[in-house]
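J.: Below is the file coords_15.txt, with compact mmCIF, C-alpha atoms.
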```txt
# COMPACT_ATOMS: atom_id res chain seq x y z
CA MET A 1 0.00 0.00 0.00
CA VAL A 2 1.90 3.01 -1.30
CA LEU A 3 1.92 6.25 0.66
CA THR A 4 0.74 9.51 -0.90
CA GLU A 5 2.93 12.62 -0.72
CA ILE A 6 0.59 14.10 1.89
CA GLU A 7 0.86 10.94 4.00
CA LYS A 8 4.66 11.08 3.75
CA GLU A 9 4.48 14.62 5.14
CA ARG A 10 1.90 13.78 7.84
CA TYR A 11 3.81 10.76 9.14
CA SER A 12 7.30 12.17 8.46
CA ARG A 13 8.37 12.02 12.12
CA GLN A 14 7.63 8.34 12.46
CA ILE A 15 8.87 7.50 8.95
CA VAL A 16 12.22 9.02 9.89
CA PHE A 17 12.23 6.85 13.04
CA PRO A 18 14.43 4.00 11.76
CA LYS A 19 12.38 1.19 13.30
CA ILE A 20 9.31 2.26 11.29
CA GLY A 21 10.47 3.90 8.06
CA GLU A 22 8.34 4.11 4.93
CA GLY A 23 7.86 0.34 4.83
CA GLY A 24 6.55 0.32 8.39
CA GLN A 25 4.19 3.20 7.67
CA GLU A 26 2.75 1.25 4.73
CA LYS A 27 2.11 -1.69 7.07
CA LEU A 28 0.27 0.60 9.50
CA LYS A 29 -1.86 1.89 6.64
CA LYS A 30 -2.89 -1.68 5.80
CA GLY A 31 -3.65 -2.49 9.46
CA ARG A 32 -7.16 -3.19 10.73
CA VAL A 33 -7.78 -2.77 14.46
CA ALA A 34 -10.83 -3.05 16.71
CA ILE A 35 -10.84 -1.13 19.97
CA LEU A 36 -13.30 -2.80 22.30
CA GLY A 37 -14.34 -0.24 24.87
CA LEU A 38 -13.65 3.46 24.49
CA GLY A 39 -13.21 4.45 28.09
CA ALA A 40 -10.04 5.35 29.93
CA ILE A 41 -7.95 2.67 28.17
CA GLY A 42 -9.53 2.96 24.74
CA SER A 43 -9.41 6.78 24.57
CA PRO A 44 -5.64 7.30 24.44
CA ALA A 45 -5.16 4.09 22.44
CA ALA A 46 -7.60 5.36 19.81
CA VAL A 47 -5.92 8.78 19.62
CA TYR A 48 -2.44 7.30 19.16
CA LEU A 49 -3.54 4.71 16.61
CA ALA A 50 -5.57 7.19 14.55
CA SER A 51 -2.70 9.66 14.69
CA ALA A 52 -0.20 6.99 13.69
CA GLY A 53 -2.20 6.18 10.54
CA ILE A 54 -3.69 2.75 11.21
CA GLY A 55 -5.83 2.33 8.08
CA TYR A 56 -8.99 0.98 9.68
CA ILE A 57 -10.14 1.38 13.28
CA ARG A 58 -13.41 -0.06 14.58
CA LEU A 59 -14.55 1.88 17.62
CA ILE A 60 -16.82 -0.27 19.77
CA ASP A 61 -18.62 0.90 22.89
CA ARG A 62 -22.09 0.27 24.32
CA ASP A 63 -22.23 3.30 26.56
CA TYR A 64 -22.81 7.04 26.40
CA VAL A 65 -20.67 9.80 27.89
CA GLU A 66 -21.36 10.80 31.49
CA LEU A 67 -19.79 13.60 33.51
CA SER A 68 -17.94 11.14 35.76
CA ASN A 69 -16.13 9.70 32.69
CA ILE A 70 -14.33 12.88 31.74
CA GLN A 71 -11.79 12.72 34.59
CA ARG A 72 -9.97 9.96 32.69
CA GLN A 73 -11.66 9.28 29.34
CA ILE A 74 -9.75 11.90 27.43
CA LEU A 75 -11.67 11.70 24.16
CA TYR A 76 -14.76 13.36 25.65
CA ASN A 77 -15.85 16.73 26.93
CA GLU A 78 -18.68 18.34 28.89
CA GLU A 79 -20.70 18.89 25.74
CA ASP A 80 -20.68 15.13 25.00
CA ALA A 81 -21.96 14.42 28.51
CA LYS A 82 -24.75 17.02 28.20
CA GLU A 83 -25.75 15.45 24.88
CA TYR A 84 -25.65 11.85 26.26
CA LYS A 85 -23.53 11.15 23.22
CA PRO A 86 -22.64 7.49 22.60
CA LYS A 87 -18.91 7.09 23.16
CA ALA A 88 -18.40 5.37 19.80
CA ILE A 89 -20.00 8.32 17.98
CA ALA A 90 -18.21 10.96 20.07
CA ALA A 91 -14.89 9.15 19.56
CA LYS A 92 -15.38 9.00 15.81
CA GLU A 93 -16.19 12.73 15.66
CA LYS A 94 -13.02 13.62 17.55
CA LEU A 95 -10.75 11.22 15.68
CA GLU A 96 -12.05 12.29 12.24
CA LYS A 97 -10.67 15.70 13.03
CA VAL A 98 -7.32 14.14 13.94
CA ASN A 99 -7.05 12.00 10.82
CA SER A 100 -9.52 12.19 7.94
CA ASP A 101 -7.47 9.79 5.79
CA ILE A 102 -8.27 6.64 7.75
CA VAL A 103 -11.49 4.63 8.06
CA LEU A 104 -13.19 5.03 11.44
CA ASP A 105 -16.09 2.68 12.01
CA ALA A 106 -18.22 3.65 15.04
CA VAL A 107 -20.19 0.77 16.59
CA PHE A 108 -22.64 1.72 19.33
CA GLU A 109 -23.49 -1.83 20.36
CA ASP A 110 -23.10 -4.22 23.23
CA PHE A 111 -20.35 -6.83 22.92
CA ASN A 112 -22.15 -10.06 23.74
CA PRO A 113 -22.40 -13.61 22.37
CA THR A 114 -24.76 -12.49 19.61
CA THR A 115 -22.57 -9.61 18.37
CA ALA A 116 -19.02 -10.60 19.35
CA GLU A 117 -18.03 -12.66 16.34
CA ARG A 118 -19.20 -10.08 13.81
CA LEU A 119 -17.38 -7.27 15.62
CA VAL A 120 -14.02 -8.95 15.94
CA LYS A 121 -13.31 -11.67 13.40
CA ASP A 122 -12.35 -9.52 10.40
CA VAL A 123 -9.66 -7.38 12.06
CA ASP A 124 -5.94 -8.04 12.48
CA ILE A 125 -5.83 -7.33 16.21
CA VAL A 126 -8.15 -6.25 19.03
CA LEU A 127 -7.35 -3.85 21.85
CA ASP A 128 -9.02 -4.60 25.13
CA GLY A 129 -10.47 -1.38 26.50
CA THR A 130 -13.28 -3.06 28.42
CA ASP A 131 -14.03 -2.52 32.08
CA ASN A 132 -15.11 -5.99 33.17
CA MET A 133 -13.94 -9.59 33.18
CA GLU A 134 -17.02 -11.08 31.48
CA ALA A 135 -16.33 -9.06 28.32
CA ARG A 136 -12.64 -10.03 28.43
CA PHE A 137 -13.35 -13.74 28.80
CA LEU A 138 -15.82 -13.53 25.92
CA LEU A 139 -13.22 -11.64 23.88
CA ASN A 140 -10.72 -14.38 24.72
CA GLU A 141 -13.06 -17.10 23.45
CA ILE A 142 -13.93 -15.27 20.25
CA CYS A 143 -10.30 -14.42 19.48
CA VAL A 144 -9.08 -17.97 20.14
CA LYS A 145 -11.90 -19.39 18.01
CA ASN A 146 -11.21 -17.01 15.11
CA ASN A 147 -7.44 -16.84 15.50
CA VAL A 148 -7.39 -13.08 16.11
CA PRO A 149 -4.67 -11.68 18.41
CA PHE A 150 -5.67 -9.32 21.20
CA ILE A 151 -4.02 -7.29 23.89
CA TYR A 152 -5.40 -7.76 27.38
CA GLY A 153 -5.13 -4.58 29.39
CA ALA A 154 -6.80 -3.58 32.63
CA ALA A 155 -6.37 -1.08 35.44
CA ILE A 156 -7.68 -0.25 38.87
CA GLY A 157 -6.54 2.46 41.29
CA ASP A 158 -2.93 3.18 40.38
CA TYR A 159 -2.22 -0.30 39.05
CA GLY A 160 -2.29 -1.72 35.53
CA VAL A 161 -1.60 -5.04 33.78
CA LEU A 162 -1.15 -6.05 30.16
CA SER A 163 -0.45 -9.14 28.09
CA MET A 164 -0.46 -9.90 24.38
CA ILE A 165 -2.44 -12.95 23.39
CA ILE A 166 -1.73 -14.60 20.07
CA PRO A 167 -3.94 -17.67 19.58
CA GLY A 168 -1.94 -20.80 18.84
CA LYS A 169 1.27 -19.20 20.09
CA THR A 170 0.93 -17.66 23.53
CA PRO A 171 -1.08 -18.50 26.64
CA CYS A 172 -4.64 -17.22 26.36
CA LEU A 173 -6.40 -15.14 29.01
CA LYS A 174 -7.84 -18.31 30.57
CA CYS A 175 -4.28 -19.69 30.98
CA ILE A 176 -3.32 -16.47 32.79
CA ILE A 177 -6.51 -16.19 34.87
CA PRO A 178 -7.76 -19.78 35.19
CA GLU A 179 -11.27 -18.94 36.40
CA MET A 180 -13.38 -15.99 35.44
CA PRO A 181 -13.97 -14.08 38.68
CA GLU A 182 -17.69 -14.02 39.50
CA PRO A 183 -19.33 -10.79 38.34
CA GLY A 184 -19.15 -8.35 41.22
CA SER A 185 -16.27 -10.13 42.99
CA LEU A 186 -13.54 -7.80 41.73
CA PRO A 187 -13.26 -4.13 42.59
CA THR A 188 -14.39 -1.83 39.77
CA CYS A 189 -13.17 1.68 39.07
CA GLU A 190 -16.58 2.98 40.17
CA VAL A 191 -16.14 1.47 43.62
CA ALA A 192 -12.37 1.32 44.22
CA GLY A 193 -11.52 4.48 42.29
CA VAL A 194 -8.95 5.01 39.59
CA LEU A 195 -6.10 7.39 38.91
CA GLY A 196 -6.79 8.57 35.34
CA PRO A 197 -3.27 8.03 33.99
CA ALA A 198 -3.22 4.35 35.13
CA PRO A 199 -5.73 3.12 32.53
CA GLY A 200 -4.32 5.82 30.22
CA MET A 201 -0.90 4.19 30.49
CA VAL A 202 -2.47 0.80 29.71
CA GLY A 203 -4.04 2.29 26.57
CA ILE A 204 -0.80 3.90 25.47
CA ILE A 205 1.16 0.67 25.93
CA GLU A 206 -1.55 -1.22 24.02
CA ALA A 207 -1.18 1.29 21.17
CA VAL A 208 2.60 0.81 21.16
CA GLU A 209 2.13 -2.96 21.05
CA VAL A 210 -0.18 -2.65 18.04
CA ILE A 211 2.30 -0.45 16.18
CA LYS A 212 5.16 -2.87 16.95
CA TYR A 213 2.97 -5.83 15.98
CA PHE A 214 2.17 -4.38 12.54
CA VAL A 215 5.61 -3.02 11.77
CA GLY A 216 7.50 -5.88 13.39
CA PHE A 217 10.09 -4.43 15.73
CA GLY A 218 11.08 -4.63 19.38
CA ASP A 219 10.07 -7.08 22.07
CA ASN A 220 6.42 -7.49 22.77
CA LEU A 221 4.18 -8.78 25.52
CA GLU A 222 3.73 -12.27 24.06
CA SER A 223 3.67 -14.81 26.94
CA LYS A 224 4.40 -11.99 29.36
CA LEU A 225 2.41 -10.13 31.94
CA LEU A 226 3.46 -6.53 32.41
CA CYS A 227 2.41 -5.00 35.71
CA PHE A 228 2.95 -1.45 36.83
CA ASP A 229 2.13 0.63 39.83
CA LEU A 230 2.13 4.38 39.34
CA SER A 231 2.38 5.20 43.06
CA SER A 232 5.78 3.57 43.36
CA LEU A 233 6.59 3.85 39.63
CA HIS A 234 7.43 0.19 39.74
CA PHE A 235 7.22 -1.79 36.48
CA ASP A 236 7.77 -5.53 36.24
CA THR A 237 7.32 -8.19 33.59
CA VAL A 238 6.82 -11.84 34.40
CA ASP A 239 6.61 -14.81 32.06
CA VAL A 240 3.27 -16.55 31.81
CA GLU A 241 2.86 -20.13 30.67
CA LYS A 242 0.30 -21.93 28.59
CA ASP A 243 -1.95 -24.24 30.60
CA PRO A 244 -1.53 -27.59 28.79
CA ASN A 245 -5.11 -28.44 29.71
CA CYS A 246 -6.69 -25.02 29.07
CA SER A 247 -10.38 -25.43 28.25
CA VAL A 248 -10.34 -22.51 25.80
CA CYS A 249 -7.07 -22.52 23.85
CA VAL A 250 -6.28 -26.25 24.13
CA ARG A 251 -9.65 -28.00 24.37
CA LYS A 252 -11.41 -25.32 22.29
CA GLU A 253 -14.45 -25.04 24.52
CA PHE A 254 -16.27 -21.72 24.24
CA PRO A 255 -18.98 -21.74 26.91
CA LEU A 256 -19.60 -17.98 26.94
CA LEU A 257 -19.90 -17.80 23.20
CA THR A 258 -22.17 -20.79 22.81
CA GLN A 259 -24.49 -20.11 25.76
CA GLU A 260 -28.14 -20.20 24.84
CA ILE A 261 -29.64 -16.74 24.51
CA LYS A 262 -33.39 -16.47 24.96
CA GLN A 263 -35.06 -13.23 23.95
CA SER A 264 -32.64 -10.84 25.62
CA ILE A 265 -29.28 -10.61 27.36
CA ILE A 266 -29.37 -9.01 30.76
CA SER A 267 -26.18 -7.78 32.35
CA THR A 268 -25.42 -6.04 35.59
CA LEU A 269 -23.06 -3.12 35.23
CA CYS A 270 -20.97 -3.76 38.32
CA GLY A 271 -20.49 -0.80 40.59
CA ARG A 272 -22.76 1.37 38.45
CA ASN A 273 -26.10 0.43 39.96
CA ALA A 274 -27.45 -0.18 36.46
CA ILE A 275 -28.80 -3.06 34.42
CA GLN A 276 -28.42 -3.42 30.68
CA ILE A 277 -31.00 -5.35 28.68
CA SER A 278 -30.10 -6.21 25.07
CA PRO A 279 -32.74 -7.83 22.90
CA LYS A 280 -31.45 -10.74 20.86
CA VAL A 281 -32.67 -9.12 17.65
CA ASP A 282 -32.52 -5.50 16.58
CA LEU A 283 -35.93 -3.98 17.39
CA LYS A 284 -35.36 -1.06 14.98
CA LEU A 285 -37.27 1.37 17.17
CA ASP A 286 -38.30 4.80 16.01
CA LEU A 287 -37.18 6.75 19.10
CA ARG A 288 -39.09 9.88 18.11
CA GLU A 289 -42.31 7.90 17.85
CA LEU A 290 -41.61 6.12 21.15
CA ALA A 291 -40.95 9.47 22.86
CA GLY A 292 -44.24 10.77 21.48
CA GLU A 293 -46.12 7.82 22.95
CA LEU A 294 -44.41 8.12 26.33
CA LYS A 295 -45.16 11.84 26.53
CA ARG A 296 -48.85 10.99 26.82
CA ASN A 297 -48.20 9.18 30.09
CA PRO A 298 -47.39 11.63 32.93
CA GLU A 299 -45.38 8.93 34.73
CA PHE A 300 -42.64 9.33 32.15
CA GLN A 301 -40.46 12.39 31.69
CA ILE A 302 -38.50 12.65 28.45
CA LYS A 303 -35.08 13.95 29.43
CA LYS A 304 -33.35 13.77 26.07
CA LEU A 305 -34.03 12.57 22.57
CA THR A 306 -31.25 12.24 20.00
CA GLU A 307 -30.88 10.06 16.91
CA HIS A 308 -28.91 7.56 19.02
CA LEU A 309 -30.69 7.57 22.38
CA LEU A 310 -33.89 8.30 24.22
CA ILE A 311 -33.44 9.11 27.91
CA VAL A 312 -36.58 8.74 30.01
CA ASP A 313 -37.10 9.26 33.72
CA TYR A 314 -39.61 7.05 35.46
CA ASP A 315 -40.07 7.22 39.24
CA LYS A 316 -36.47 7.20 40.60
CA TYR A 317 -35.12 5.39 37.54
CA SER A 318 -33.43 6.75 34.45
CA ILE A 319 -33.70 4.65 31.33
CA ALA A 320 -31.58 5.07 28.19
CA ILE A 321 -32.92 3.32 25.09
CA ALA A 322 -31.10 2.87 21.77
CA PRO A 323 -32.90 2.27 18.44
CA SER A 324 -31.89 -1.40 18.61
CA GLY A 325 -34.01 -1.77 21.76
CA ARG A 326 -30.95 -2.08 23.97
CA ALA A 327 -31.63 -0.26 27.22
CA LEU A 328 -29.77 0.79 30.33
CA VAL A 329 -31.85 1.10 33.46
CA HIS A 330 -30.08 3.23 36.05
CA ASN A 331 -30.63 3.25 39.81
CA THR A 332 -31.33 -0.44 40.27
CA ASP A 333 -29.28 -3.59 40.54
CA SER A 334 -32.34 -5.85 40.27
CA GLU A 335 -32.74 -7.53 36.89
CA LYS A 336 -36.37 -8.22 37.63
CA ARG A 337 -37.08 -4.60 38.47
CA ALA A 338 -35.21 -3.38 35.38
CA LYS A 339 -37.18 -5.76 33.17
CA SER A 340 -40.53 -4.75 34.59
CA ILE A 341 -39.72 -1.03 34.16
CA LEU A 342 -38.60 -1.59 30.60
CA ASN A 343 -41.69 -3.62 29.81
CA LYS A 344 -43.74 -0.50 30.54
CA ILE A 345 -41.87 1.22 27.70
CA ILE A 346 -41.19 -1.44 25.08
CA SER A 347 -42.29 -5.02 24.76
CA TYR A 348 -39.74 -7.62 23.81
CA MET B 349 16.03 -19.20 54.75
CA ARG B 350 14.95 -15.93 53.22
CA ILE B 351 12.12 -15.67 50.73
CA LYS B 352 11.29 -12.54 48.77
CA VAL B 353 7.61 -11.72 48.41
CA LYS B 354 6.48 -9.36 45.66
CA PRO B 355 2.85 -8.35 46.09
CA TRP B 356 0.91 -6.53 43.36
CA GLY B 357 -2.31 -4.53 43.36
CA ILE B 358 -4.48 -5.03 46.43
CA PHE B 359 -1.80 -7.31 47.97
CA GLN B 360 0.66 -4.43 47.87
CA GLU B 361 -1.81 -2.26 49.73
CA ILE B 362 -2.38 -4.89 52.41
CA ILE B 363 1.28 -5.81 52.82
CA GLY B 364 2.29 -2.17 52.62
CA GLY B 365 5.16 -2.23 50.18
CA ARG B 366 6.31 -3.70 46.93
CA GLU B 367 8.74 -6.18 48.40
CA LEU B 368 8.95 -8.06 51.66
CA GLU B 369 11.48 -10.54 52.96
CA VAL B 370 10.21 -13.45 55.03
CA ASN B 371 12.34 -15.82 57.11
CA LEU B 372 11.15 -19.41 56.99
CA PRO B 373 12.58 -22.66 58.28
CA GLU B 374 14.37 -24.90 55.77
CA ARG B 375 12.12 -27.08 53.59
CA ALA B 376 9.15 -24.77 54.08
CA LYS B 377 6.56 -24.93 51.34
CA LEU B 378 4.69 -22.25 49.45
CA ARG B 379 1.66 -22.96 51.66
CA ASP B 380 3.79 -22.22 54.76
CA LEU B 381 4.76 -18.88 53.27
CA LEU B 382 1.10 -17.95 52.75
CA ASP B 383 0.31 -19.02 56.32
CA GLU B 384 3.12 -16.84 57.58
CA LEU B 385 1.85 -13.87 55.56
CA ILE B 386 -1.66 -14.34 56.90
CA GLU B 387 -0.24 -14.59 60.42
CA ARG B 388 1.30 -11.16 59.87
CA PHE B 389 -1.37 -9.40 57.83
CA GLY B 390 -4.47 -11.05 59.18
CA GLU B 391 -7.95 -11.61 57.86
CA LYS B 392 -7.72 -8.84 55.30
CA LEU B 393 -5.09 -10.78 53.38
CA ALA B 394 -6.85 -14.11 53.97
CA ASN B 395 -10.08 -12.68 52.53
CA GLU B 396 -8.33 -11.56 49.38
CA LEU B 397 -6.25 -14.68 48.95
CA PHE B 398 -8.51 -17.55 50.00
CA GLN B 399 -11.95 -18.73 49.00
CA PRO B 400 -14.56 -17.95 51.65
CA GLY B 401 -14.35 -20.38 54.57
CA ARG B 402 -11.54 -22.41 53.00
CA ARG B 403 -7.77 -22.32 52.97
CA GLU B 404 -7.69 -22.64 49.22
CA VAL B 405 -6.37 -19.89 47.02
CA LYS B 406 -9.05 -18.24 44.87
CA PRO B 407 -8.81 -19.79 41.41
CA TYR B 408 -8.20 -16.47 39.67
CA ILE B 409 -5.23 -15.38 41.79
CA LYS B 410 -1.86 -15.99 40.27
CA ILE B 411 1.05 -17.01 42.47
CA LEU B 412 4.39 -17.26 40.73
CA LEU B 413 7.46 -18.90 42.23
CA ASN B 414 10.56 -17.52 40.54
CA GLY B 415 8.39 -16.41 37.62
CA HIS B 416 6.55 -19.70 37.13
CA GLY B 417 3.20 -21.01 38.27
CA ALA B 418 3.55 -23.28 41.31
CA GLU B 419 1.48 -25.59 43.50
CA LEU B 420 1.07 -24.72 47.17
CA GLY B 421 3.01 -27.88 48.01
CA ALA B 422 6.11 -26.63 46.16
CA GLU B 423 9.19 -26.58 48.38
CA LEU B 424 10.92 -23.23 48.74
CA ARG B 425 14.66 -22.59 48.67
CA ASP B 426 16.72 -19.78 50.12
CA GLY B 427 16.52 -16.71 47.85
CA ASP B 428 13.30 -17.75 46.10
CA SER B 429 10.98 -15.03 44.91
CA VAL B 430 7.20 -15.34 45.18
CA ALA B 431 4.92 -12.90 43.38
CA LEU B 432 1.21 -12.47 44.16
CA PHE B 433 -1.03 -11.13 41.41
CA PRO B 434 -4.69 -10.33 41.84
CA PRO B 435 -6.69 -10.28 38.60
CA VAL B 436 -7.47 -6.81 37.31
CA GLY B 437 -10.82 -6.23 35.67
CA GLY B 438 -11.21 -2.45 35.59
CA GLY B 439 -10.57 -0.06 32.79
```
Can you turn what I pasted into structure tokens?
T.:
Amino acid sequence: MVLTEIEKERYSRQIVFPKIGEGGQEKLKKGRVAILGLGAIGSPAAVYLASAGIGYIRLIDRDYVELSNIQRQILYNEEDAKEYKPKAIAAKEKLEKVNSDIVLDAVFEDFNPTTAERLVKDVDIVLDGTDNMEARFLLNEICVKNNVPFIYGAAIGDYGVLSMIIPGKTPCLKCIIPEMPEPGSLPTCEVAGVLGPAPGMVGIIEAVEVIKYFVGFGDNLESKLLCFDLSSLHFDTVDVEKDPNCSVCVRKEFPLLTQEIKQSIISTLCGRNAIQISPKVDLKLDLRELAGELKRNPEFQIKKLTEHLLIVDYDKYSIAIAPSGRALVHNTDSEKRAKSILNKIISY
Amino acid sequence: MRIKVKPWGIFQEIIGGRELEVNLPERAKLRDLLDELIERFGEKLANELFQPGRREVKPYIKILLNGHGAELGAELRDGDSVALFPPVGGG
């Protein structure tokens, strides 16, 4: 993939860097990356990869911008929070202004067993920018099944960890963490707090790993776990080994991916006091029409209507509904309650 | 014999530093080291390390002996290094 004269000018500082050069820049241009989760890890990763000229970046996030995100999720601003803008859309708008020569594909969807394969299998590498273990274990299964490398990265407080997972070559996430911690058993950033630059550092290192992976220079995090602690500025790398009996990468069992989905997928957003309900099929709702119907019932207050989301207040709950029918019910951790509230608005 | 313990994440907070040296009798095992640490740092460490009501390490906690995964029955030698990693799920 030959570089244009404008591209040679734009990327001149990294082309002159001997480990990249013009050949390396061409490889970046050919690269296809998915960033799964555009929060505190995904934000800086996306900026660096778009700036560096990765040819195709899929920006995946299920959530919208809230004021409490802005402390660390550097792609977003107060305006995005006021507009309840989906992170994938807000990220694309920002990154288009950084680099209009690359393809940015915004995906405002949940990553779950019904969507995962479609979102991940046609890229060269996936960056983990998620905020929970269930998504990471699902990502692990889908990447092992489809032979797609991914970079595991996570942070809490002032502490971050990373590893590069190349199916067939390195240990997978299940080799590194043999059991998926029960949802709710690990501290989340909402509960334990997080120093913004800790996940930021994870995102930056993930971006470096992607660049090195495409261009082919330096050491990488294959079969290694990098841990750092920003309070003590202590970095360490330890070797990790493949589990010879791993159910995912050796025995090729994919329980999360193959679980039976009835009409919807319900997930608890740990530490956020919110429940997400994703219908199995796209309901293709007309949000304007739905808002019009709800307005007739005084129990509902329409807080915001955009092309991507309808935000409705009902009693003490706030409900965000996307055109697909996917909904976030805030202020409850009861699935049953969330379902019954949502059933007043849309029927599945 | 002297064993180096390198805690990460929550274990660093509980143990209060990034490295700790523990004196153990010869032929002590990895399990003895954990018992010694819990003796010193109490229930808070036990709650993070062990499954509720059992003296079994939570399945998602990684304990490396000189950089490699090890069973609790592994015998320790003078100068060994043991790292404790909690899983990290945030982001």
J.: By how many Å are atom CA of Phe17 of chain A and atom CA of Val98 of chain A apart?
T.: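 Separation between atom CA of Phe17 of chain A and atom CA of Val98 of chain A: 20.9 Å.
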J.: Could you jot down the atom CA of Tyr317 of chain A to atom CA of Asn343 of chain A separation for me, Å, one decimal place?
T.: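 So the answer is 13.6 Å.
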J.: Which residue gives the smallest distance to Lys392 of chain B among B:Met349, B:Ala418, B:Ile358, B:Ala376, with all atoms listed in the file counted?
T.: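 Using all atoms listed in the file, the shortest distance to Lys392 of chain B belongs to B:Ile358.
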J.: Could you give me, as number ranges by chain, the residues within 10 Å of Ile166 of chain A, counting all atoms listed in the file and dropping anything in the same chain fewer than 4 positions from it?
T.: A: 125, 143-144, 147-151, 170-172, 221-223
J.: Using all atoms listed in the file for the distances, tell me which of A:Glu253, A:Glu179, A:Asp219, A:Asp282 is nearest to chain B.
T.: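 Answer, going by the shortest atom-to-atom distance: A:Glu179.
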J.: Taking only C-alpha atoms into account, find every residue of chain B that has an atom no more than 8 Å from chain A, and write it out as a list in words.
T.: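 The contacting residues on chain B are Trp356, Gly357, Pro407, Tyr408, Ile409, Lys410, Gly415, His416, Gly417, Pro435, Val436, Gly437, Gly438 and Gly439 of chain B.
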J.: At most 12 Å from (2.2, -18.4, 49.9), file frame, all atoms listed in the file: which residues, as a PyMOL selection string?
T.: chain B and resi 351-355+359+370+372+376-387+393-394+397-398+403-405+409-413+417-424+428-433
J.: What is the atom CA of Leu269 of chain A to atom CA of Asp122 of chain A distance in Å?
T.: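 Atom-to-atom, atom CA of Leu269 of chain A to atom CA of Asp122 of chain A, that is 27.8 Å.
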J.: Rank B:Arg350, B:Asn414, B:Gly364, B:Pro373 by their smallest atom-to-atom distance to Arg388 of chain B, using all atoms listed in the file, and report the top residue only.
T.: B:Gly364
J.: Contacts of Val215 of chain A at 9 Å or less, counting all atoms listed in the file, minus same-chain residues fewer than 5 places along, as a ChimeraX atom specification?
T.: /A:19-20,23-28,210
J.: Would you mind telling me which residue in A:Leu3, A:Lys169, A:Leu233, A:Ile266 lies nearest to Arg366 of chain B when using all atoms listed in the file?
T.: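 Selected residue with least distance to Arg366 of chain B: A:Leu233.
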J.: Which one is closest to Gln360 of chain B: B:Asn395, B:Gly427, B:Phe389, B:Glu374? Count all atoms listed in the file.
T.: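 Closest residue, counting all atoms listed in the file: B:Phe389.
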J.: Pick out the closest residue to Ile142 of chain A from this set: A:Tyr84, A:Phe254, A:Phe235, A:Phe217. Count all atoms listed in the file.
T.: A:Phe254
J.: Using all atoms listed in the file, give me every residue within 8 Å of (-2.4, 3.7, 19.8) in file coordinates, as a list in words.
T.: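 Residues with an atom close enough to that point: Pro44, Ala45, Ala46, Val47, Tyr48, Leu49, Ala50, Ser51, Ala52, Gly203, Ile204, Ile205, Glu206, Ala207, Val208, Val210 and Ile211 of chain A.
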J.: Mind dumping the selected residues with C-alpha atoms as an mmCIF file, in the frame of the given file?
T.:
```cif
data_model
loop_
_atom_site.group_PDB
_atom_site.id
_atom_site.type_symbol
_atom_site.label_atom_id
_atom_site.label_comp_id
_atom_site.auth_asym_id
_atom_site.auth_seq_id
_atom_site.Cartn_x
_atom_site.Cartn_y
_atom_site.Cartn_z
ATOM 1 C CA PRO A 44 -5.640 7.300 24.440
ATOM 2 C CA ALA A 45 -5.160 4.090 22.440
ATOM 3 C CA ALA A 46 -7.600 5.360 19.810
ATOM 4 C CA VAL A 47 -5.920 8.780 19.620
ATOM 5 C CA TYR A 48 -2.440 7.300 19.160
ATOM 6 C CA LEU A 49 -3.540 4.710 16.610
ATOM 7 C CA ALA A 50 -5.570 7.190 14.550
ATOM 8 C CA SER A 51 -2.700 9.660 14.690
ATOM 9 C CA ALA A 52 -0.200 6.990 13.690
ATOM 10 C CA GLY A 203 -4.040 2.290 26.570
ATOM 11 C CA ILE A 204 -0.800 3.900 25.470
ATOM 12 C CA ILE A 205 1.160 0.670 25.930
ATOM 13 C CA GLU A 206 -1.550 -1.220 24.020
ATOM 14 C CA ALA A 207 -1.180 1.290 21.170
ATOM 15 C CA VAL A 208 2.600 0.810 21.160
ATOM 16 C CA VAL A 210 -0.180 -2.650 18.040
ATOM 17 C CA ILE A 211 2.300 -0.450 16.180
#
```
